[in-house]
>>> print(open('run-v7.txt').read())   # compact mmCIF, C-alpha atoms
# COMPACT_ATOMS: atom_id res chain seq x y z
CA MET B 1 12.40 -8.99 -18.20
CA ILE B 2 9.96 -6.75 -20.07
CA LYS B 3 11.82 -4.05 -22.03
CA ASN B 4 10.96 -1.31 -24.51
CA ARG B 5 7.21 -1.66 -23.96
CA ASP B 6 4.52 0.92 -23.33
CA ILE B 7 2.75 0.58 -19.97
CA ILE B 8 -0.24 2.52 -18.65
CA VAL B 9 -0.67 2.59 -14.88
CA LEU B 10 -4.13 3.34 -13.46
CA GLY B 11 -5.01 3.54 -9.80
CA ILE B 12 -6.87 5.15 -6.95
CA GLN B 13 -3.91 7.23 -5.76
CA ALA B 14 -2.79 10.32 -7.64
CA TRP B 15 0.88 10.95 -8.33
CA ASP B 16 0.96 13.90 -5.91
CA ILE B 17 -0.42 11.87 -3.00
CA GLU B 18 1.31 12.74 0.28
CA ILE B 19 1.81 9.16 1.52
CA GLY B 20 3.79 6.22 0.15
CA SER B 21 2.23 4.34 -2.73
CA ASN B 22 2.86 0.86 -4.11
CA CYS B 23 1.51 2.04 -7.43
CA LYS B 24 4.06 4.86 -7.73
CA ASN B 25 6.96 2.60 -6.74
CA ILE B 26 5.90 0.02 -9.30
CA ALA B 27 5.56 2.71 -11.98
CA PHE B 28 9.09 3.93 -11.21
CA GLU B 29 10.40 0.39 -11.55
CA PHE B 30 8.51 -0.16 -14.82
CA SER B 31 10.01 3.06 -16.24
CA LYS B 32 13.59 1.82 -15.86
CA ASN B 33 13.16 -0.24 -19.03
CA ASN B 34 9.83 0.86 -20.50
CA ARG B 35 7.79 3.94 -21.31
CA VAL B 36 5.18 4.51 -18.60
CA LEU B 37 2.07 6.69 -18.45
CA TYR B 38 0.82 7.15 -14.86
CA VAL B 39 -2.81 8.29 -14.92
CA ASN B 40 -4.30 10.20 -12.01
CA SER B 41 -7.92 9.48 -11.22
CA PRO B 42 -10.25 12.14 -12.65
CA LEU B 43 -11.86 14.72 -10.40
CA ASP B 44 -15.40 13.78 -9.42
CA ILE B 45 -18.11 16.40 -9.00
CA THR B 46 -18.62 15.87 -5.26
CA THR B 47 -14.90 16.29 -4.51
CA ALA B 48 -14.72 19.33 -6.78
CA ILE B 49 -17.47 21.01 -4.73
CA LYS B 50 -16.68 19.85 -1.18
CA LYS B 51 -12.90 20.32 -1.44
CA ARG B 52 -12.87 23.31 -3.75
CA ASN B 53 -10.30 25.12 -1.58
CA ASP B 54 -7.87 22.17 -1.53
CA PRO B 55 -4.72 23.12 -3.51
CA ARG B 56 -4.72 19.82 -5.39
CA VAL B 57 -8.39 20.23 -6.37
CA LYS B 58 -7.65 23.76 -7.57
CA LYS B 59 -4.77 22.39 -9.61
CA ARG B 60 -7.04 19.76 -11.21
CA LYS B 61 -9.61 22.42 -12.07
CA ASP B 62 -6.96 24.58 -13.72
CA ILE B 63 -5.92 21.62 -15.84
CA ILE B 64 -9.52 20.83 -16.80
CA ASN B 65 -10.01 24.49 -17.78
CA GLY B 66 -6.89 24.43 -19.95
CA LYS B 67 -4.82 26.70 -17.70
CA ALA B 68 -2.13 24.05 -17.16
CA ASP B 69 -0.79 21.04 -19.04
CA ASP B 70 -2.63 17.78 -18.55
CA LEU B 71 0.33 15.60 -19.64
CA VAL B 72 3.64 16.19 -17.85
CA GLU B 73 6.96 14.37 -18.24
CA LEU B 74 8.19 13.51 -14.74
CA GLN B 75 11.49 12.00 -15.82
CA ALA B 76 12.85 9.94 -18.70
CA ASN B 77 10.28 7.32 -19.74
CA LEU B 78 7.66 8.45 -17.19
CA TRP B 79 4.67 10.74 -17.77
CA ASN B 80 1.76 11.81 -15.55
CA LEU B 81 -1.70 12.50 -16.93
CA ASN B 82 -4.36 14.57 -15.18
CA PRO B 83 -7.59 13.88 -17.14
CA ARG B 84 -9.44 16.95 -18.38
CA THR B 85 -12.88 15.77 -17.32
CA TYR B 86 -15.25 15.55 -14.37
CA LEU B 87 -16.81 12.26 -13.33
CA LEU B 88 -20.19 11.65 -11.72
CA SER B 89 -20.06 10.65 -8.03
CA ILE B 90 -21.85 7.30 -8.03
CA ASN B 91 -20.18 4.77 -5.75
CA GLN B 92 -22.91 5.04 -3.07
CA LEU B 93 -25.81 4.44 -5.47
CA GLY B 94 -27.88 1.41 -4.46
CA ASN B 95 -29.52 0.64 -7.80
CA ASN B 96 -27.20 -1.57 -9.86
CA LEU B 97 -28.75 -0.71 -13.22
CA ILE B 98 -28.42 3.03 -12.66
CA PHE B 99 -24.89 2.62 -11.29
CA ASP B 100 -23.79 0.56 -14.31
CA PHE B 101 -25.33 3.05 -16.75
CA LEU B 102 -23.62 6.05 -15.14
CA ASN B 103 -20.38 4.14 -14.61
CA LYS B 104 -20.18 3.45 -18.34
CA ILE B 105 -20.52 7.20 -18.96
CA ASN B 106 -17.68 7.84 -16.48
CA ASN B 107 -15.50 5.18 -18.08
CA ASN B 108 -16.01 6.61 -21.56
CA ARG B 109 -15.06 10.09 -20.34
CA PHE B 110 -11.99 8.70 -18.61
CA ALA B 111 -10.96 6.53 -21.56
CA LYS B 112 -11.23 9.47 -23.96
CA GLN B 113 -8.61 11.36 -21.94
CA ILE B 114 -6.28 8.36 -21.75
CA LYS B 115 -6.65 7.73 -25.47
CA SER B 116 -5.67 11.32 -26.21
CA ALA B 117 -2.47 10.91 -24.16
CA ILE B 118 -1.73 7.56 -25.80
CA GLU B 119 -1.93 9.17 -29.23
CA ARG B 120 0.30 12.08 -28.22
CA LEU B 121 2.92 9.72 -26.78
CA GLY B 122 2.63 7.23 -29.64
CA PHE B 123 2.01 4.23 -27.36
CA LYS B 124 1.51 0.88 -29.14
CA ASP B 125 0.68 -2.67 -27.98
CA TYR B 126 0.47 -1.33 -24.47
CA ILE B 127 0.05 -3.08 -21.15
CA ILE B 128 -2.45 -1.70 -18.62
CA PHE B 129 -1.66 -2.17 -14.94
CA ASN B 130 -4.69 -1.28 -12.83
CA ASP B 131 -4.08 -0.69 -9.13
CA SER B 132 -7.55 -1.46 -7.68
CA ASP B 133 -9.44 1.21 -9.65
CA MET B 134 -12.52 -0.99 -9.72
CA PHE B 135 -15.14 1.59 -10.78
CA ARG B 136 -13.65 4.26 -13.05
CA SER B 137 -11.68 1.69 -15.06
CA PHE B 138 -14.25 -1.07 -15.20
CA TYR B 139 -14.76 -0.80 -18.99
CA ILE B 140 -11.25 0.40 -19.86
CA LYS B 141 -10.13 -3.02 -21.11
CA GLU B 142 -12.98 -3.13 -23.62
CA ILE B 143 -12.58 0.50 -24.71
CA LEU B 144 -8.79 0.76 -25.03
CA LYS B 145 -8.09 -2.90 -25.94
CA PRO B 146 -4.61 -3.31 -24.39
CA LYS B 147 -2.43 -6.27 -25.29
CA THR B 148 -2.40 -7.24 -21.59
CA TYR B 149 -4.72 -6.07 -18.81
CA ILE B 150 -3.63 -6.65 -15.18
CA TYR B 151 -5.70 -6.02 -12.06
CA TYR B 152 -3.61 -5.45 -8.91
CA THR B 153 -5.04 -5.89 -5.40
CA ARG B 154 -3.16 -4.81 -2.26
CA ASP B 155 -5.99 -4.05 0.16
CA ASN B 156 -9.36 -5.68 0.80
CA LEU B 157 -11.09 -2.45 -0.20
CA VAL B 158 -14.57 -3.96 -0.41
CA ALA B 159 -14.53 -4.40 3.39
CA VAL B 160 -14.52 -0.59 3.70
CA ASP B 161 -17.88 1.20 3.67
CA TYR B 162 -16.77 3.67 0.98
CA TRP B 163 -16.25 0.81 -1.50
CA LYS B 164 -18.58 -1.89 -0.19
CA LYS B 165 -21.96 -0.95 -1.65
CA GLN B 166 -21.00 -1.33 -5.31
CA GLY B 167 -17.51 -2.75 -4.84
CA LEU B 168 -18.47 -6.28 -3.75
CA ARG B 169 -20.11 -6.88 -7.12
CA THR B 170 -17.98 -4.64 -9.33
CA GLU B 171 -14.52 -5.70 -8.15
CA ALA B 172 -15.41 -9.39 -8.51
CA ASN B 173 -16.54 -8.80 -12.10
CA HIS B 174 -13.49 -6.64 -12.79
CA MET B 175 -11.09 -9.33 -11.56
CA GLU B 176 -12.94 -11.96 -13.59
CA LYS B 177 -12.37 -10.19 -16.89
CA ALA B 178 -8.76 -9.18 -16.24
CA ASP B 179 -6.14 -11.20 -18.12
CA PHE B 180 -4.71 -12.00 -14.70
CA VAL B 181 -4.72 -10.63 -11.16
CA CYS B 182 -1.65 -9.79 -9.04
CA ALA B 183 -1.80 -9.58 -5.25
CA ASN B 184 0.74 -8.38 -2.71
CA SER B 185 -0.35 -10.90 -0.07
CA THR B 186 -1.20 -14.60 -0.12
CA TYR B 187 -4.54 -13.83 1.53
CA LEU B 188 -5.61 -11.39 -1.21
CA ALA B 189 -4.41 -13.79 -3.92
CA LYS B 190 -6.71 -16.48 -2.53
CA LEU B 191 -9.64 -14.05 -2.44
CA ALA B 192 -8.99 -13.09 -6.06
CA GLN B 193 -8.81 -16.74 -7.16
CA LYS B 194 -12.53 -17.05 -6.37
CA PHE B 195 -13.18 -14.75 -9.33
CA ASN B 196 -10.20 -15.39 -11.62
CA PRO B 197 -8.15 -18.61 -11.47
CA HIS B 198 -5.24 -16.65 -12.94
CA SER B 199 -4.60 -14.78 -9.68
CA TYR B 200 -1.07 -14.80 -8.27
CA TYR B 201 0.89 -13.65 -5.25
CA VAL B 202 3.75 -11.44 -6.45
CA GLY B 203 5.06 -10.30 -3.09
CA GLN B 204 5.69 -6.74 -2.02
CA GLY B 205 8.38 -4.25 -2.78
CA CYS B 206 9.98 -2.11 -0.12
CA ASP B 207 12.87 0.35 -0.21
CA VAL B 208 14.79 -0.56 2.94
CA SER B 209 18.06 1.09 1.89
CA ALA B 210 17.67 3.73 4.63
CA PHE B 211 17.03 1.09 7.28
CA ASP B 212 20.61 0.04 7.87
CA ALA B 213 21.66 -0.35 11.51
CA SER B 214 25.27 0.56 10.69
CA LEU B 215 24.23 4.07 9.64
CA PHE B 216 22.81 5.14 13.01
CA ASN B 217 24.88 5.70 16.12
CA GLU B 218 23.06 8.68 17.62
CA ILE B 219 19.71 8.16 19.37
CA PRO B 220 17.12 10.96 18.93
CA ALA B 221 16.83 13.23 21.95
CA ASP B 222 13.15 12.51 22.73
CA ILE B 223 13.77 8.76 23.04
CA SER B 224 17.27 8.76 24.49
CA ASN B 225 16.16 9.11 28.13
CA ILE B 226 13.26 6.67 27.99
CA LYS B 227 13.77 3.69 30.27
CA ARG B 228 14.72 0.38 28.65
CA PRO B 229 13.67 -2.05 27.41
CA ILE B 230 11.85 -0.12 24.69
CA ILE B 231 9.02 -1.94 22.91
CA GLY B 232 8.22 0.21 19.89
CA TYR B 233 5.86 0.74 17.00
CA ILE B 234 6.34 3.07 14.01
CA GLY B 235 3.45 4.09 11.80
CA ALA B 236 0.10 5.84 11.77
CA LEU B 237 -1.81 5.18 14.98
CA LEU B 238 -5.21 4.27 13.55
CA ALA B 239 -7.87 2.42 15.56
CA LEU B 240 -9.08 0.87 12.30
CA ARG B 241 -5.78 -0.98 11.96
CA LEU B 242 -4.20 -1.28 15.43
CA ASP B 243 -5.44 -3.16 18.50
CA ILE B 244 -5.44 -0.59 21.32
CA LYS B 245 -6.37 -3.31 23.81
CA VAL B 246 -3.20 -5.30 23.07
CA ILE B 247 -1.02 -2.23 23.58
CA SER B 248 -2.85 -1.37 26.81
CA GLU B 249 -2.46 -4.90 28.20
CA ILE B 250 1.26 -4.96 27.44
CA ALA B 251 1.69 -1.65 29.25
CA LYS B 252 -0.43 -2.82 32.19
CA GLU B 253 1.19 -6.24 32.60
CA LYS B 254 4.77 -5.01 32.13
CA PRO B 255 5.16 -1.63 33.87
CA ASN B 256 8.95 -1.96 33.63
CA TRP B 257 8.78 -1.97 29.84
CA SER B 258 8.53 1.31 27.94
CA ILE B 259 6.00 1.30 25.10
CA VAL B 260 7.05 3.86 22.49
CA LEU B 261 4.64 4.82 19.70
CA VAL B 262 6.02 6.90 16.82
CA GLY B 263 3.45 8.31 14.41
CA PRO B 264 0.37 10.54 14.08
CA GLU B 265 -2.70 9.62 16.16
CA ASP B 266 -6.31 9.45 15.04
CA SER B 267 -9.04 10.72 17.39
CA THR B 268 -9.56 7.30 18.99
CA PHE B 269 -5.92 7.03 19.95
CA LYS B 270 -5.82 10.62 21.17
CA ASN B 271 -8.76 9.95 23.48
CA SER B 272 -7.67 6.47 24.59
CA LYS B 273 -6.60 5.46 28.10
CA LEU B 274 -3.14 4.69 26.70
CA HIS B 275 -2.28 8.28 27.61
CA ASP B 276 -2.89 7.44 31.27
CA PHE B 277 0.00 4.96 31.42
CA ASP B 278 3.32 6.28 32.69
CA ASN B 279 5.19 3.72 30.57
CA VAL B 280 3.50 4.58 27.25
CA HIS B 281 5.26 7.32 25.29
CA PHE B 282 3.72 9.06 22.26
CA LEU B 283 6.49 10.72 20.24
CA GLY B 284 4.29 12.07 17.44
CA ASN B 285 4.78 12.17 13.70
CA LYS B 286 8.32 12.17 12.32
CA ASN B 287 9.82 12.80 8.89
CA SER B 288 10.50 9.61 6.97
CA ASP B 289 14.27 10.15 7.09
CA GLU B 290 14.12 10.25 10.91
CA LEU B 291 12.35 6.92 11.34
CA PRO B 292 15.38 4.57 11.07
CA ALA B 293 17.07 6.32 14.00
CA TYR B 294 13.99 5.84 16.16
CA LEU B 295 13.72 2.22 15.10
CA GLY B 296 17.39 1.78 15.97
CA ALA B 297 16.57 2.73 19.58
CA PHE B 298 13.96 -0.04 19.97
CA ASP B 299 14.79 -3.26 21.77
CA VAL B 300 11.77 -5.01 20.23
CA ALA B 301 9.52 -3.79 17.41
CA ILE B 302 5.83 -4.68 17.37
CA ASN B 303 2.90 -4.58 14.96
CA PRO B 304 -0.25 -5.13 17.06
CA GLN B 305 -2.58 -5.32 14.07
CA LEU B 306 -6.32 -5.38 14.69
CA LEU B 307 -7.87 -8.38 12.95
CA SER B 308 -10.72 -7.36 10.69
CA PRO B 309 -11.79 -7.90 7.06
CA VAL B 310 -10.05 -4.58 6.27
CA THR B 311 -6.66 -5.54 7.71
CA ILE B 312 -6.37 -9.31 7.66
CA GLY B 313 -4.95 -9.52 4.14
CA ASN B 314 -2.59 -6.52 4.33
CA TYR B 315 1.09 -6.94 3.61
CA PRO B 316 2.77 -4.90 6.39
CA ARG B 317 5.66 -3.03 4.76
CA LYS B 318 6.82 -1.88 8.19
CA ILE B 319 7.85 -5.49 8.99
CA ASP B 320 10.45 -5.32 6.21
CA GLU B 321 11.73 -2.08 7.73
CA TYR B 322 11.89 -3.60 11.21
CA LEU B 323 13.76 -6.66 9.95
CA ALA B 324 16.11 -4.65 7.74
CA MET B 325 17.39 -3.03 10.95
CA GLY B 326 17.80 -6.51 12.45
CA LYS B 327 15.14 -5.84 15.07
CA PRO B 328 13.45 -8.71 16.90
CA THR B 329 9.82 -8.36 15.89
CA VAL B 330 6.50 -9.49 17.37
CA ALA B 331 3.37 -9.11 15.25
CA THR B 332 -0.21 -10.32 15.09
CA LYS B 333 -0.50 -13.64 13.30
CA THR B 334 -2.32 -13.38 9.95
CA GLU B 335 -2.15 -15.31 6.70
CA ALA B 336 -0.33 -12.39 5.06
CA MET B 337 2.30 -12.55 7.84
CA SER B 338 3.06 -16.20 7.01
CA VAL B 339 5.88 -15.11 4.69
CA PHE B 340 7.68 -13.70 7.75
CA ALA B 341 7.12 -16.74 9.98
CA ASP B 342 10.80 -17.74 10.09
CA TYR B 343 11.97 -14.27 11.10
CA THR B 344 9.27 -12.93 13.44
CA TYR B 345 7.24 -14.00 16.46
CA LEU B 346 3.57 -14.23 15.48
CA ALA B 347 1.13 -13.77 18.36
CA GLN B 348 -2.54 -14.74 18.45
CA ASN B 349 -3.46 -13.18 21.81
CA ILE B 350 -2.13 -10.96 24.58
CA GLU B 351 -0.56 -13.90 26.42
CA GLU B 352 1.51 -14.75 23.37
CA TYR B 353 2.45 -11.11 22.87
CA LEU B 354 3.87 -11.00 26.41
CA GLU B 355 5.61 -14.36 26.02
CA PHE B 356 7.11 -13.57 22.63
CA ILE B 357 8.35 -10.11 23.61
CA GLU B 358 10.14 -11.74 26.56
CA LEU B 359 11.74 -14.24 24.17
CA ALA B 360 12.65 -11.51 21.68
CA LEU B 361 14.42 -9.51 24.39
CA LYS B 362 16.53 -12.53 25.37
CA ASP B 363 17.21 -14.09 21.96
CA ASN B 364 18.69 -11.33 19.83
CA THR B 365 22.07 -12.51 18.60
CA ALA B 366 24.15 -10.74 15.94
CA GLU B 367 23.67 -13.78 13.70
CA LYS B 368 19.89 -13.51 13.90
CA GLN B 369 20.04 -9.77 13.26
CA ASN B 370 22.00 -10.39 10.05
CA GLU B 371 19.57 -13.11 8.93
CA LYS B 372 16.61 -10.76 9.40
CA ALA B 373 18.29 -7.95 7.48
CA PHE B 374 19.29 -10.24 4.59
CA PHE B 375 15.74 -11.59 4.30
CA ALA B 376 14.15 -8.12 4.30
CA ARG B 377 16.46 -6.83 1.57
CA LYS B 378 15.18 -9.50 -0.82
CA HIS B 379 11.83 -7.71 -0.83
CA SER B 380 12.92 -5.04 -3.29
CA TRP B 381 10.75 -3.29 -5.85
CA GLY B 382 12.96 -4.82 -8.53
CA ASN B 383 12.12 -8.35 -7.37
CA ASN B 384 8.45 -7.44 -7.02
CA VAL B 385 8.23 -6.14 -10.59
CA LYS B 386 10.31 -9.07 -11.88
CA ASP B 387 7.52 -11.41 -10.75
CA ILE B 388 4.94 -9.25 -12.54
CA TYR B 389 7.06 -9.27 -15.71
CA GLU B 390 7.23 -13.08 -15.64
CA LEU B 391 3.43 -13.28 -15.53
CA ILE B 392 3.13 -10.84 -18.46
CA GLU B 393 5.58 -12.89 -20.51
CA LYS B 394 3.72 -16.11 -19.76
CA PHE B 395 0.35 -14.58 -20.60
CA GLU B 396 1.50 -13.07 -23.88
CA SER B 397 3.23 -16.31 -24.91
CA GLY B 398 0.15 -18.37 -24.01
CA THR B 399 1.89 -20.34 -21.26
CA LEU B 400 0.17 -18.86 -18.20
CA LYS B 401 -1.29 -21.68 -16.12
>>> encode(input="run-v7.txt", output="structure tokens")
Amino acid sequence: MIKNRDIIVLGIQAWDIEIGSNCKNIAFEFSKNNRVLYVNSPLDITTAIKKRNDPRVKKRKDIINGKADDLVELQANLWNLNPRTYLLSINQLGNNLIFDFLNKINNNRFAKQIKSAIERLGFKDYIIFNDSDMFRSFYIKEILKPKTYIYYTRDNLVAVDYWKKQGLRTEANHMEKADFVCANSTYLAKLAQKFNPHSYYVGQGCDVSAFDASLFNEIPADISNIKRPIIGYIGALLALRLDIKVISEIAKEKPNWSIVLVGPEDSTFKNSKLHDFDNVHFLGNKNSDELPAYLGAFDVAINPQLLSPVTIGNYPRKIDEYLAMGKPTVATKTEAMSVFADYTYLAQNIEEYLEFIELALKDNTAEKQNEKAFFARKHSWGNNVKDIYELIEKFESGTLK
């Protein structure tokens, strides 16, 4: 257990992001026993111009102009820094020499702001935990000289066009010079090991306290009259991550099953032929505190993940939520899903999806429900951070192997 240390958390997601964030959850967990500075990414010039009417961009500009505090205490032991600087927008530059030159300028601007906060807070012998900020923090280790520098990977970002052009080279070099790399999936840990042999799978945290089957007796009105069995999915309906063809084939082959999709749709889903099926029900976006009740109404939960370089290494947090409610679960087989192999059905094609959903509907005993829930509750943020602490202790004692 790491206690009474100073930890700086860097990342690509700001504290006021509207969606869930591993980085924020980890920072919260760090702050239970340590002082933590969570640093928002600086405002880049392109964003400042294109999104000038966005309330969050306006807020950043006010801070840069000295109209609001840049360093704010969020709670005991936890501070948030909004850097008072603009960065150059460079990630789509093709020339490596020019990119590296300008990126060093960006890093120096960024580091100057962090250093100012460090001095005000009196941080010493600090640890830096970098959540995939491959560009803006590339030189931070050399400039700020932390006692321990950790690079954290939880998505294969370099498979995405936004990051790919300079990310393939830069992230590999960034991982290589980190003291060690943490990954939230076995797949991403293996990718990282190509660049740094000290790359480790540390699992994934998930707050499943709300997903307790005993808490929900009332079924939401918009799902209560849907014909059973209900085969359901909860989450953003994004064509980049979900296999529309699999969902369509399930609906086509099993017209007596109801396919219920809970979550906001992207344009591809909105315009898909899924809307032509009588047995496919789109219930729209729901508040996070409503989701367990919807999940409670499912007979089988699914995660029809689309296999691609973007998704193949993802740790699906929704699987922990499904299992915490004791739900029989069928998901696309990936290396990252291997940790769930004993508690889920892992399908490789539509035939297996149909077969496994049939099995899941029949084989759902109370004993199996309890086993699923017990397994999911082991994936807490406390256990996740405990594994990170153990790596820090081994590195700083010289015993990391």
>>> closest_atom_pairs(input="run-v7.txt", of="region 175-234 of chain B", to="region 121-142 of chain B", cutoff="10 Å", atoms="only C-alpha atoms", output="CSV")
residue,atom,partner,partner_atom,distance
B:Met175,CA,B:Met134,CA,8.7
B:Lys177,CA,B:Lys141,CA,8.6
B:Ala178,CA,B:Lys141,CA,8.0
B:Asp179,CA,B:Lys141,CA,9.6
B:Val181,CA,B:Asn130,CA,9.5
B:Cys182,CA,B:Asp131,CA,9.4
B:Ala183,CA,B:Asp131,CA,10.0
>>> atom_distance(input="run-v7.txt", atom1="CA of Leu306 (chain B)", atom2="CA of Gly205 (chain B)")
22.9 Å
>>> atom_distance(input="run-v7.txt", atom1="CA of Ala239 (chain B)", atom2="CA of Gly167 (chain B)")
23.1 Å
>>> residues_around(input="run-v7.txt", residues="Asn370 (chain B)", least_positions_apart="5", cutoff="12 Å", atoms="only C-alpha atoms", output="VMD selection string")
chain B and resid 212 to 214 323 to 328 343 364 to 365 375 to 377
>>> residues_around(input="run-v7.txt", residues="Ser185 (chain B)", least_positions_apart="5", cutoff="10 Å", atoms="all atoms listed in the file", output="VMD selection string")
chain B and resid 153 to 155 190 200 to 204 312 to 316 335 to 339
>>> decode(input="run-v7.txt", residues="region 9-51 of chain B", atoms="C-alpha atoms", output="compact mmCIF listing (two decimals), in the first residue's frame")
# COMPACT_ATOMS: atom_id res chain seq x y z
CA VAL B 9 -2.26 12.25 -12.68
CA LEU B 10 -2.07 13.26 -16.35
CA GLY B 11 -4.45 12.14 -19.06
CA ILE B 12 -6.49 12.85 -22.14
CA GLN B 13 -9.77 13.32 -20.27
CA ALA B 14 -10.46 16.47 -18.28
CA TRP B 15 -11.96 16.28 -14.80
CA ASP B 16 -15.26 17.78 -16.01
CA ILE B 17 -15.73 15.19 -18.76
CA GLU B 18 -19.36 14.09 -19.05
CA ILE B 19 -18.70 10.34 -19.34
CA GLY B 20 -17.12 7.82 -16.96
CA SER B 21 -13.35 7.84 -16.75
CA ASN B 22 -10.88 5.25 -15.52
CA CYS B 23 -8.43 8.04 -14.86
CA LYS B 24 -10.80 9.88 -12.51
CA ASN B 25 -11.72 6.70 -10.63
CA ILE B 26 -8.05 5.85 -10.17
CA ALA B 27 -7.29 9.39 -8.99
CA PHE B 28 -10.10 9.14 -6.41
CA GLU B 29 -8.67 5.86 -5.16
CA PHE B 30 -5.13 7.29 -5.00
CA SER B 31 -6.40 10.24 -2.95
CA LYS B 32 -7.71 8.02 -0.14
CA ASN B 33 -4.15 7.69 1.18
CA ASN B 34 -2.10 10.19 -0.82
CA ARG B 35 -2.12 13.76 -2.08
CA VAL B 36 -3.19 13.84 -5.73
CA LEU B 37 -2.97 16.53 -8.41
CA TYR B 38 -5.25 15.76 -11.39
CA VAL B 39 -4.11 17.78 -14.41
CA ASN B 40 -6.52 18.63 -17.21
CA SER B 41 -5.07 18.68 -20.69
CA PRO B 42 -4.29 22.22 -21.86
CA LEU B 43 -6.50 23.96 -24.40
CA ASP B 44 -5.11 23.72 -27.92
CA ILE B 45 -5.49 26.56 -30.40
CA THR B 46 -7.73 24.68 -32.85
CA THR B 47 -10.20 23.68 -30.12
CA ALA B 48 -10.15 27.21 -28.70
CA ILE B 49 -11.24 28.57 -32.11
CA LYS B 50 -13.60 25.85 -33.36
CA LYS B 51 -15.39 25.31 -30.04
